[in-house]
Amino acid sequence: MESYEFSSPTKVYFGNEIVKKALHKEKEIIGERTLIVTTGGSLIRLGYLEELKNYIESELYVYVDITPDPDVEEIREAIAIGKQNNVTSVIGFGGGSAIDAAKATAVGVASDVDIVEYLLEGIEPPSDTLPIIAIPTTAGTGAELTKGAIVSSRLKKIKSGIRGEKITPSIAIIDPTYTFSVPSNITMETGFDVFAHAAESYCSVNANEYSRMLSEKAIAIVGESLPELFKDIDNHVAREKMSYASHIIGYNVRNIGNCLPHRMQYPLGVETHTSHGAGLIALYPAWIKYESVVNEKHVQKILDLLGCIKDEDPSVRIRDWLVKLEIDRNITELGNTLTAEELNKMVSGNLANDRLYDKEDIVRIIYEESM
Ligand SMILES: [Fe+2]
């Protein structure tokens with residue numbers, strides 16, 4: 001068998017209504033003063049934030065103004081609260097945006113360098129970055145395990161990552177009951193993101209036997225559970241399974257990484273103010289088609305596991321699946337006004353993770369086919 005490396009330093013708690021017990025067990029890591037970083041909104045309305053505050057045994061500060069695709073301005077505000085009160089840990093509570101913002105806050109509180117410099121210069125988080133406790137409330141991003149925080153600067157029109165081992169959460173507490181009240185559209189889009197992580201890590205040149213096993217399991221769960229949730233959004237067993245799939249594929253996001261659709265979605269999302277899942281959905285049929293040219297065996301396996309119809313054209317197979325869940329859309333429908341050339345310039349990173357090497361051409365082709 002091929003050799004590989006695979007790691008995760010995060011202690012995981014998974015289960016319904018497990019948060020209180022987990023926070024109590026981890027009170028030494030949380031320390032004397034902690035800061036909750038969250039998106040507020042429905043987490044306040046549903047009483048989840050108040051409940052969480054009651055579980056915490058340390059002196060507590062809360063920042064509730066994180067928005068989707070968190071902006072450096074919000075993170076600067078959270079960092080200021082953390083510095084003023086000399087907090088000992090940061091808790092990210094919410095979807096991927098809240099957890100990424102918490103990670104960036106934990107970096108910023110321990111550092112004298114402005115947080116935007118980490119984005120622009122690619123500086124690694126310092127070793128004294130505060131402990132991060134991630135409590136996801138959606139099933140999708142896997143941010144509770146990853147060594148990156150995706151942050152935007154609307155002013156500078158960038159969405160990029162702060163990356164490094166120190167930004168990996170020390171503790172992840174995954175309680176599927178938080179997802180029970182997530183609206184249908186967000187459930188479908190974050191659920192598609194779980195699939196995208198599984199599919200892209202499966203096709204990656206970095207994939208190995210172990211990561212492919214995780215991908216196959218996650219794709220099969222999404223293929224079964226997301227259509228069930230489309231029929232009945234209150235199917236709690238399907239919700240729990242989606243939380244589990246999201247969680248296990250977080251190990252691949254951390255260790256293997258994603259391919260081209262994720263890199264194309266970042267600038268597209270900043271330009272169109274659309275969600276991560278919505279952008280991925282728009283790009284996928286075209287990407288699947290081109291990935292299939294060089295990686296047919298894996299693409300067919302992915303589409304079989306997802307439960308797609310049989311067809312010779314892989315983009316027809318995935319599009320049919322999206323249509324059945326009523327989430328099919330194209331880039332134009334996102335309100336996109338970028339030209340292919342502009343997007344090409346914005347897609348950052350090399351494509352060593354992808355099998356299609358002519359970056360400019362392939363970005364343009366996928367982009368134009370997604371119109
Ligand atoms: Fe993603």
# chains A, B, ... in the order shown; residues from 1 in each chain; ligands from 1
$ residues_near_ligand --ligand "ligand 1" --cutoff "7 Å" --atoms "only C-alpha atoms and all ligand atoms" --output "ChimeraX atom specification"
/A:141,193-194,196-197,262,276
$ select_by_dssp --residues "region 82-141 of chain A" --states "alpha helix (DSSP H)" --output "MDAnalysis selection string"
chainID A and resid 82:84 96:109 115:121
$ write_last_selection --atoms "C-alpha atoms" --output "compact mmCIF listing (two decimals), in the first residue's frame"
# COMPACT_ATOMS: atom_id res chain seq x y z
CA GLY A 82 -10.23 39.69 23.90
CA LYS A 83 -7.18 41.90 24.47
CA GLN A 84 -8.99 44.29 26.83
CA GLY A 96 -18.15 27.98 9.55
CA SER A 97 -18.05 31.79 9.59
CA ALA A 98 -18.26 31.96 13.40
CA ILE A 99 -15.65 29.26 13.85
CA ASP A 100 -13.26 30.82 11.33
CA ALA A 101 -13.74 34.21 12.99
CA ALA A 102 -13.01 32.66 16.40
CA LYS A 103 -9.81 31.13 15.04
CA ALA A 104 -8.66 34.45 13.62
CA THR A 105 -9.58 36.16 16.91
CA ALA A 106 -7.49 33.64 18.87
CA VAL A 107 -4.54 34.51 16.63
CA GLY A 108 -5.09 38.26 16.92
CA VAL A 109 -5.47 38.39 20.72
CA ILE A 115 -5.01 40.52 11.41
CA VAL A 116 -5.18 41.70 7.80
CA GLU A 117 -1.40 41.23 7.55
CA TYR A 118 -1.88 37.51 8.18
CA LEU A 119 -4.12 37.42 5.10
CA LEU A 120 -1.96 39.56 2.85
CA GLU A 121 1.45 38.23 3.87
$ closest_residue --among "A:Asn54, A:Ser225, A:Thr272, A:Thr137" --to "Ala172 (chain A)" --atoms "only C-alpha atoms"
A:Thr137
$ residues_around --residues "region 321-333 of chain A" --least-positions-apart "5" --cutoff "12 Å" --atoms "only C-alpha atoms" --output "number ranges by chain"
A: 184-192, 195, 222-232, 264-265, 268-269, 271-272, 274, 277-286, 303-304, 306-311, 314-316, 338-340, 343, 366-371
$ residues_around --residues "region 59-64 of chain A" --least-positions-apart "2" --cutoff "6 Å" --atoms "only C-alpha atoms" --output "mmCIF file with N, CA and C atoms, in the first residue's frame"
data_model
loop_
_atom_site.group_PDB
_atom_site.id
_atom_site.type_symbol
_atom_site.label_atom_id
_atom_site.label_comp_id
_atom_site.auth_asym_id
_atom_site.auth_seq_id
_atom_site.Cartn_x
_atom_site.Cartn_y
_atom_site.Cartn_z
ATOM 1 N N ARG A 33 -10.876 33.108 31.704
ATOM 2 C CA ARG A 33 -11.694 34.109 30.997
ATOM 3 C C ARG A 33 -11.810 33.705 29.524
ATOM 4 N N THR A 34 -13.023 33.526 29.075
ATOM 5 C CA THR A 34 -13.169 33.102 27.674
ATOM 6 C C THR A 34 -14.060 34.070 26.893
ATOM 7 N N LEU A 35 -13.893 34.033 25.583
ATOM 8 C CA LEU A 35 -14.658 34.916 24.692
ATOM 9 C C LEU A 35 -15.415 34.058 23.682
ATOM 10 N N ILE A 36 -16.738 34.184 23.684
ATOM 11 C CA ILE A 36 -17.531 33.504 22.649
ATOM 12 C C ILE A 36 -17.591 34.424 21.430
ATOM 13 N N VAL A 37 -17.250 33.890 20.273
ATOM 14 C CA VAL A 37 -17.363 34.628 19.008
ATOM 15 C C VAL A 37 -18.452 33.937 18.193
ATOM 16 N N THR A 38 -19.487 34.697 17.841
ATOM 17 C CA THR A 38 -20.642 34.054 17.200
ATOM 18 C C THR A 38 -21.345 35.005 16.243
ATOM 19 N N THR A 39 -22.236 34.420 15.457
ATOM 20 C CA THR A 39 -23.031 35.205 14.517
ATOM 21 C C THR A 39 -24.326 35.720 15.148
ATOM 22 N N GLY A 40 -24.610 35.319 16.375
ATOM 23 C CA GLY A 40 -25.849 35.810 17.021
ATOM 24 C C GLY A 40 -27.065 35.336 16.244
ATOM 25 N N ILE A 66 -20.535 38.666 14.130
ATOM 26 C CA ILE A 66 -19.877 38.038 12.970
ATOM 27 C C ILE A 66 -20.926 37.811 11.866
ATOM 28 N N ALA A 78 -13.638 41.874 17.729
ATOM 29 C CA ALA A 78 -13.580 40.731 18.660
ATOM 30 C C ALA A 78 -12.205 40.656 19.321
#
$ atom_distance --atom1 "CA of Glu165 (chain A)" --atom2 "CA of Thr67 (chain A)"
24.7 Å
$ atom_distance --atom1 "CA of Asn16 (chain A)" --atom2 "CA of Arg239 (chain A)"
10.9 Å
$ atom_distance --atom1 "CA of Glu216 (chain A)" --atom2 "CA of Lys301 (chain A)"
8.6 Å
$ residues_around --residues "region 157-160 of chain A" --least-positions-apart "3" --cutoff "9 Å" --atoms "only C-alpha atoms" --output "VMD selection string"
chain A and resid 69 71 119 to 120 149 to 154 266 to 267 269 to 271 346 348
$ select_by_dssp --residues "region 44-205 of chain A" --states "strand (DSSP E or B)" --output "PyMOL selection string"
chain A and resi 59-63+71+89-94+132-136+148-153+158-163+171-174
$ write_last_selection --atoms "C-alpha atoms" --output "compact mmCIF listing (two decimals), in the first residue's frame"
# COMPACT_ATOMS: atom_id res chain seq x y z
CA GLU A 59 -15.61 34.67 33.31
CA LEU A 60 -17.36 35.26 30.00
CA TYR A 61 -17.28 37.82 27.18
CA VAL A 62 -19.36 37.60 24.02
CA TYR A 63 -19.01 39.07 20.52
CA ASP A 71 -14.73 40.54 7.57
CA SER A 89 -9.44 31.05 25.20
CA VAL A 90 -11.85 31.71 22.34
CA ILE A 91 -15.03 29.74 21.65
CA GLY A 92 -16.39 29.74 18.09
CA PHE A 93 -20.14 29.11 18.17
CA GLY A 94 -22.11 28.89 14.93
CA ILE A 132 -9.79 27.49 20.32
CA ILE A 133 -12.98 25.61 21.21
CA ALA A 134 -15.23 25.04 18.18
CA ILE A 135 -18.94 24.37 18.62
CA PRO A 136 -20.48 24.07 15.14
CA GLY A 148 -7.21 27.36 8.40
CA ALA A 149 -9.55 30.30 8.89
CA ILE A 150 -11.19 31.80 5.81
CA VAL A 151 -11.53 35.53 6.27
CA SER A 152 -12.54 38.36 3.92
CA SER A 153 -11.55 41.94 3.56
CA ILE A 158 -10.11 39.47 -0.94
CA LYS A 159 -11.20 36.25 0.69
CA SER A 160 -8.29 34.19 1.84
CA GLY A 161 -7.01 31.96 4.55
CA ILE A 162 -4.92 32.29 7.69
CA ARG A 163 -3.24 28.92 7.90
CA ILE A 171 -11.56 21.04 21.27
CA ALA A 172 -14.48 20.37 18.90
CA ILE A 173 -17.93 19.82 20.38
CA ILE A 174 -20.35 18.58 17.75
$ closest_residue --among "A:Glu77, A:Glu360, A:Glu2, A:Glu17" --to "Glu240 (chain A)" --atoms "only C-alpha atoms"
A:Glu17
$ residues_around --residues "region 24-26 of chain A" --least-positions-apart "3" --cutoff "9 Å" --atoms "only C-alpha atoms" --output "PyMOL selection string"
chain A and resi 19-21+29-31+55-57+171
$ closest_residue --among "A:Gly164, A:Pro176, A:Pro183, A:Pro70" --to "Lys147 (chain A)" --atoms "only C-alpha atoms"
A:Gly164
$ decode --residues "region 172-317 of chain A" --atoms "C-alpha atoms" --output "PDB file, in the first residue's frame"
ATOM      1  CA  ALA A 172     -14.481  20.372  18.902  1.00  0.00           C
ATOM      2  CA  ILE A 173     -17.927  19.824  20.384  1.00  0.00           C
ATOM      3  CA  ILE A 174     -20.349  18.580  17.751  1.00  0.00           C
ATOM      4  CA  ASP A 175     -23.925  18.446  18.950  1.00  0.00           C
ATOM      5  CA  PRO A 176     -26.245  17.550  16.037  1.00  0.00           C
ATOM      6  CA  THR A 177     -29.305  18.936  17.883  1.00  0.00           C
ATOM      7  CA  TYR A 178     -28.124  22.466  16.992  1.00  0.00           C
ATOM      8  CA  THR A 179     -28.744  21.631  13.351  1.00  0.00           C
ATOM      9  CA  PHE A 180     -32.360  20.554  13.928  1.00  0.00           C
ATOM     10  CA  SER A 181     -33.678  24.084  13.388  1.00  0.00           C
ATOM     11  CA  VAL A 182     -31.436  25.111  10.463  1.00  0.00           C
ATOM     12  CA  PRO A 183     -33.696  26.235   7.557  1.00  0.00           C
ATOM     13  CA  SER A 184     -34.053  24.022   4.507  1.00  0.00           C
ATOM     14  CA  ASN A 185     -32.059  26.167   2.062  1.00  0.00           C
ATOM     15  CA  ILE A 186     -29.050  26.412   4.397  1.00  0.00           C
ATOM     16  CA  THR A 187     -29.288  22.691   5.157  1.00  0.00           C
ATOM     17  CA  MET A 188     -29.149  21.886   1.450  1.00  0.00           C
ATOM     18  CA  GLU A 189     -26.278  24.257   0.691  1.00  0.00           C
ATOM     19  CA  THR A 190     -24.121  23.270   3.681  1.00  0.00           C
ATOM     20  CA  GLY A 191     -24.976  19.645   2.937  1.00  0.00           C
ATOM     21  CA  PHE A 192     -23.680  20.124  -0.591  1.00  0.00           C
ATOM     22  CA  ASP A 193     -20.479  21.546   0.889  1.00  0.00           C
ATOM     23  CA  VAL A 194     -20.007  18.283   2.827  1.00  0.00           C
ATOM     24  CA  PHE A 195     -20.317  16.419  -0.458  1.00  0.00           C
ATOM     25  CA  ALA A 196     -17.904  18.855  -2.167  1.00  0.00           C
ATOM     26  CA  HIS A 197     -15.255  18.304   0.527  1.00  0.00           C
ATOM     27  CA  ALA A 198     -15.642  14.557   0.153  1.00  0.00           C
ATOM     28  CA  ALA A 199     -15.554  14.650  -3.656  1.00  0.00           C
ATOM     29  CA  GLU A 200     -12.620  17.046  -3.985  1.00  0.00           C
ATOM     30  CA  SER A 201     -10.498  15.273  -1.381  1.00  0.00           C
ATOM     31  CA  TYR A 202     -11.343  12.005  -3.186  1.00  0.00           C
ATOM     32  CA  CYS A 203     -10.101  13.356  -6.525  1.00  0.00           C
ATOM     33  CA  SER A 204      -7.082  15.145  -5.094  1.00  0.00           C
ATOM     34  CA  VAL A 205      -3.615  13.895  -5.994  1.00  0.00           C
ATOM     35  CA  ASN A 206      -2.975  13.982  -2.214  1.00  0.00           C
ATOM     36  CA  ALA A 207      -5.690  11.396  -1.483  1.00  0.00           C
ATOM     37  CA  ASN A 208      -4.762   8.106   0.151  1.00  0.00           C
ATOM     38  CA  GLU A 209      -6.461   4.853   1.106  1.00  0.00           C
ATOM     39  CA  TYR A 210      -7.635   6.168   4.462  1.00  0.00           C
ATOM     40  CA  SER A 211      -8.898   9.539   3.199  1.00  0.00           C
ATOM     41  CA  ARG A 212     -10.766   7.814   0.359  1.00  0.00           C
ATOM     42  CA  MET A 213     -12.508   5.604   2.895  1.00  0.00           C
ATOM     43  CA  LEU A 214     -13.692   8.737   4.729  1.00  0.00           C
ATOM     44  CA  SER A 215     -14.793  10.324   1.435  1.00  0.00           C
ATOM     45  CA  GLU A 216     -16.751   7.269   0.368  1.00  0.00           C
ATOM     46  CA  LYS A 217     -18.523   7.079   3.709  1.00  0.00           C
ATOM     47  CA  ALA A 218     -19.375  10.793   3.697  1.00  0.00           C
ATOM     48  CA  ILE A 219     -20.631  10.774   0.082  1.00  0.00           C
ATOM     49  CA  ALA A 220     -22.859   7.760   0.787  1.00  0.00           C
ATOM     50  CA  ILE A 221     -24.318   9.503   3.855  1.00  0.00           C
ATOM     51  CA  VAL A 222     -25.003  12.716   1.918  1.00  0.00           C
ATOM     52  CA  GLY A 223     -26.531  10.703  -0.938  1.00  0.00           C
ATOM     53  CA  GLU A 224     -28.955   9.096   1.479  1.00  0.00           C
ATOM     54  CA  SER A 225     -29.588  11.845   4.029  1.00  0.00           C
ATOM     55  CA  LEU A 226     -29.873  15.038   1.987  1.00  0.00           C
ATOM     56  CA  PRO A 227     -32.768  13.726  -0.182  1.00  0.00           C
ATOM     57  CA  GLU A 228     -34.423  12.528   3.047  1.00  0.00           C
ATOM     58  CA  LEU A 229     -34.098  16.026   4.507  1.00  0.00           C
ATOM     59  CA  PHE A 230     -35.466  17.507   1.286  1.00  0.00           C
ATOM     60  CA  LYS A 231     -38.601  15.401   1.848  1.00  0.00           C
ATOM     61  CA  ASP A 232     -38.779  16.043   5.585  1.00  0.00           C
ATOM     62  CA  ILE A 233     -36.605  18.736   7.122  1.00  0.00           C
ATOM     63  CA  ASP A 234     -37.496  17.451  10.611  1.00  0.00           C
ATOM     64  CA  ASN A 235     -35.925  14.042  10.044  1.00  0.00           C
ATOM     65  CA  HIS A 236     -33.577  14.129  13.036  1.00  0.00           C
ATOM     66  CA  VAL A 237     -31.822  10.873  12.228  1.00  0.00           C
ATOM     67  CA  ALA A 238     -30.853  12.297   8.819  1.00  0.00           C
ATOM     68  CA  ARG A 239     -29.696  15.493  10.566  1.00  0.00           C
ATOM     69  CA  GLU A 240     -27.455  13.505  12.900  1.00  0.00           C
ATOM     70  CA  LYS A 241     -25.995  11.599   9.966  1.00  0.00           C
ATOM     71  CA  MET A 242     -25.224  14.851   8.124  1.00  0.00           C
ATOM     72  CA  SER A 243     -23.429  16.172  11.227  1.00  0.00           C
ATOM     73  CA  TYR A 244     -21.411  12.982  11.329  1.00  0.00           C
ATOM     74  CA  ALA A 245     -20.553  13.158   7.603  1.00  0.00           C
ATOM     75  CA  SER A 246     -19.542  16.796   7.954  1.00  0.00           C
ATOM     76  CA  HIS A 247     -17.356  15.923  10.907  1.00  0.00           C
ATOM     77  CA  ILE A 248     -15.511  12.946   9.411  1.00  0.00           C
ATOM     78  CA  ILE A 249     -14.805  14.785   6.176  1.00  0.00           C
ATOM     79  CA  GLY A 250     -13.279  17.624   8.222  1.00  0.00           C
ATOM     80  CA  TYR A 251     -10.296  15.280   8.656  1.00  0.00           C
ATOM     81  CA  ASN A 252      -9.861  15.273   4.877  1.00  0.00           C
ATOM     82  CA  VAL A 253     -10.239  19.029   4.552  1.00  0.00           C
ATOM     83  CA  ARG A 254      -7.438  19.272   7.104  1.00  0.00           C
ATOM     84  CA  ASN A 255      -5.140  16.601   5.682  1.00  0.00           C
ATOM     85  CA  ILE A 256      -5.904  16.378   1.950  1.00  0.00           C
ATOM     86  CA  GLY A 257      -7.477  19.695   0.936  1.00  0.00           C
ATOM     87  CA  ASN A 258      -9.914  20.738  -1.755  1.00  0.00           C
ATOM     88  CA  CYS A 259      -9.614  21.168  -5.505  1.00  0.00           C
ATOM     89  CA  LEU A 260     -10.526  23.831  -8.039  1.00  0.00           C
ATOM     90  CA  PRO A 261     -14.237  24.456  -7.227  1.00  0.00           C
ATOM     91  CA  HIS A 262     -13.377  25.698  -3.752  1.00  0.00           C
ATOM     92  CA  ARG A 263     -10.721  28.043  -5.078  1.00  0.00           C
ATOM     93  CA  MET A 264     -13.056  29.418  -7.731  1.00  0.00           C
ATOM     94  CA  GLN A 265     -15.900  29.881  -5.243  1.00  0.00           C
ATOM     95  CA  TYR A 266     -13.920  32.153  -2.911  1.00  0.00           C
ATOM     96  CA  PRO A 267     -13.580  35.136  -5.302  1.00  0.00           C
ATOM     97  CA  LEU A 268     -17.012  34.413  -6.764  1.00  0.00           C
ATOM     98  CA  GLY A 269     -18.603  34.577  -3.311  1.00  0.00           C
ATOM     99  CA  VAL A 270     -16.901  37.881  -2.518  1.00  0.00           C
ATOM    100  CA  GLU A 271     -18.037  39.337  -5.862  1.00  0.00           C
ATOM    101  CA  THR A 272     -21.648  38.136  -5.711  1.00  0.00           C
ATOM    102  CA  HIS A 273     -22.229  38.073  -1.919  1.00  0.00           C
ATOM    103  CA  THR A 274     -23.535  34.537  -2.284  1.00  0.00           C
ATOM    104  CA  SER A 275     -22.991  31.598   0.014  1.00  0.00           C
ATOM    105  CA  HIS A 276     -20.166  29.096  -0.233  1.00  0.00           C
ATOM    106  CA  GLY A 277     -22.593  26.269  -1.009  1.00  0.00           C
ATOM    107  CA  ALA A 278     -24.444  28.258  -3.677  1.00  0.00           C
ATOM    108  CA  GLY A 279     -21.207  29.001  -5.547  1.00  0.00           C
ATOM    109  CA  LEU A 280     -20.027  25.401  -5.368  1.00  0.00           C
ATOM    110  CA  ILE A 281     -23.372  24.152  -6.697  1.00  0.00           C
ATOM    111  CA  ALA A 282     -23.076  26.494  -9.690  1.00  0.00           C
ATOM    112  CA  LEU A 283     -19.548  25.312 -10.495  1.00  0.00           C
ATOM    113  CA  TYR A 284     -19.916  21.590  -9.916  1.00  0.00           C
ATOM    114  CA  PRO A 285     -21.502  20.189 -13.087  1.00  0.00           C
ATOM    115  CA  ALA A 286     -18.767  21.745 -15.240  1.00  0.00           C
ATOM    116  CA  TRP A 287     -15.957  20.733 -12.860  1.00  0.00           C
ATOM    117  CA  ILE A 288     -17.237  17.161 -12.587  1.00  0.00           C
ATOM    118  CA  LYS A 289     -17.268  16.935 -16.373  1.00  0.00           C
ATOM    119  CA  TYR A 290     -13.650  18.087 -16.741  1.00  0.00           C
ATOM    120  CA  GLU A 291     -12.383  16.119 -13.749  1.00  0.00           C
ATOM    121  CA  SER A 292     -13.920  13.048 -15.351  1.00  0.00           C
ATOM    122  CA  VAL A 293     -11.698  13.474 -18.422  1.00  0.00           C
ATOM    123  CA  VAL A 294      -8.586  12.780 -16.335  1.00  0.00           C
ATOM    124  CA  ASN A 295     -10.027  10.914 -13.368  1.00  0.00           C
ATOM    125  CA  GLU A 296     -13.001   9.009 -14.703  1.00  0.00           C
ATOM    126  CA  LYS A 297     -12.899   6.075 -12.305  1.00  0.00           C
ATOM    127  CA  HIS A 298     -13.105   8.261  -9.200  1.00  0.00           C
ATOM    128  CA  VAL A 299     -15.733  10.605 -10.622  1.00  0.00           C
ATOM    129  CA  GLN A 300     -17.988   7.665 -11.571  1.00  0.00           C
ATOM    130  CA  LYS A 301     -17.550   6.190  -8.088  1.00  0.00           C
ATOM    131  CA  ILE A 302     -18.502   9.521  -6.496  1.00  0.00           C
ATOM    132  CA  LEU A 303     -21.653   9.847  -8.610  1.00  0.00           C
ATOM    133  CA  ASP A 304     -22.616   6.204  -7.970  1.00  0.00           C
ATOM    134  CA  LEU A 305     -22.213   6.634  -4.205  1.00  0.00           C
ATOM    135  CA  LEU A 306     -24.264   9.824  -4.292  1.00  0.00           C
ATOM    136  CA  GLY A 307     -27.075   7.893  -5.987  1.00  0.00           C
ATOM    137  CA  CYS A 308     -27.120   9.838  -9.267  1.00  0.00           C
ATOM    138  CA  ILE A 309     -28.980   8.555 -12.318  1.00  0.00           C
ATOM    139  CA  LYS A 310     -27.042   6.596 -14.939  1.00  0.00           C
ATOM    140  CA  ASP A 311     -25.912   8.714 -17.875  1.00  0.00           C
ATOM    141  CA  GLU A 312     -22.801   8.930 -20.003  1.00  0.00           C
ATOM    142  CA  ASP A 313     -22.328  12.601 -19.219  1.00  0.00           C
ATOM    143  CA  PRO A 314     -21.213  13.087 -15.568  1.00  0.00           C
ATOM    144  CA  SER A 315     -22.438  16.693 -15.553  1.00  0.00           C
ATOM    145  CA  VAL A 316     -25.940  15.465 -16.472  1.00  0.00           C
ATOM    146  CA  ARG A 317     -25.784  13.024 -13.545  1.00  0.00           C
TER     147      ARG A 317
END
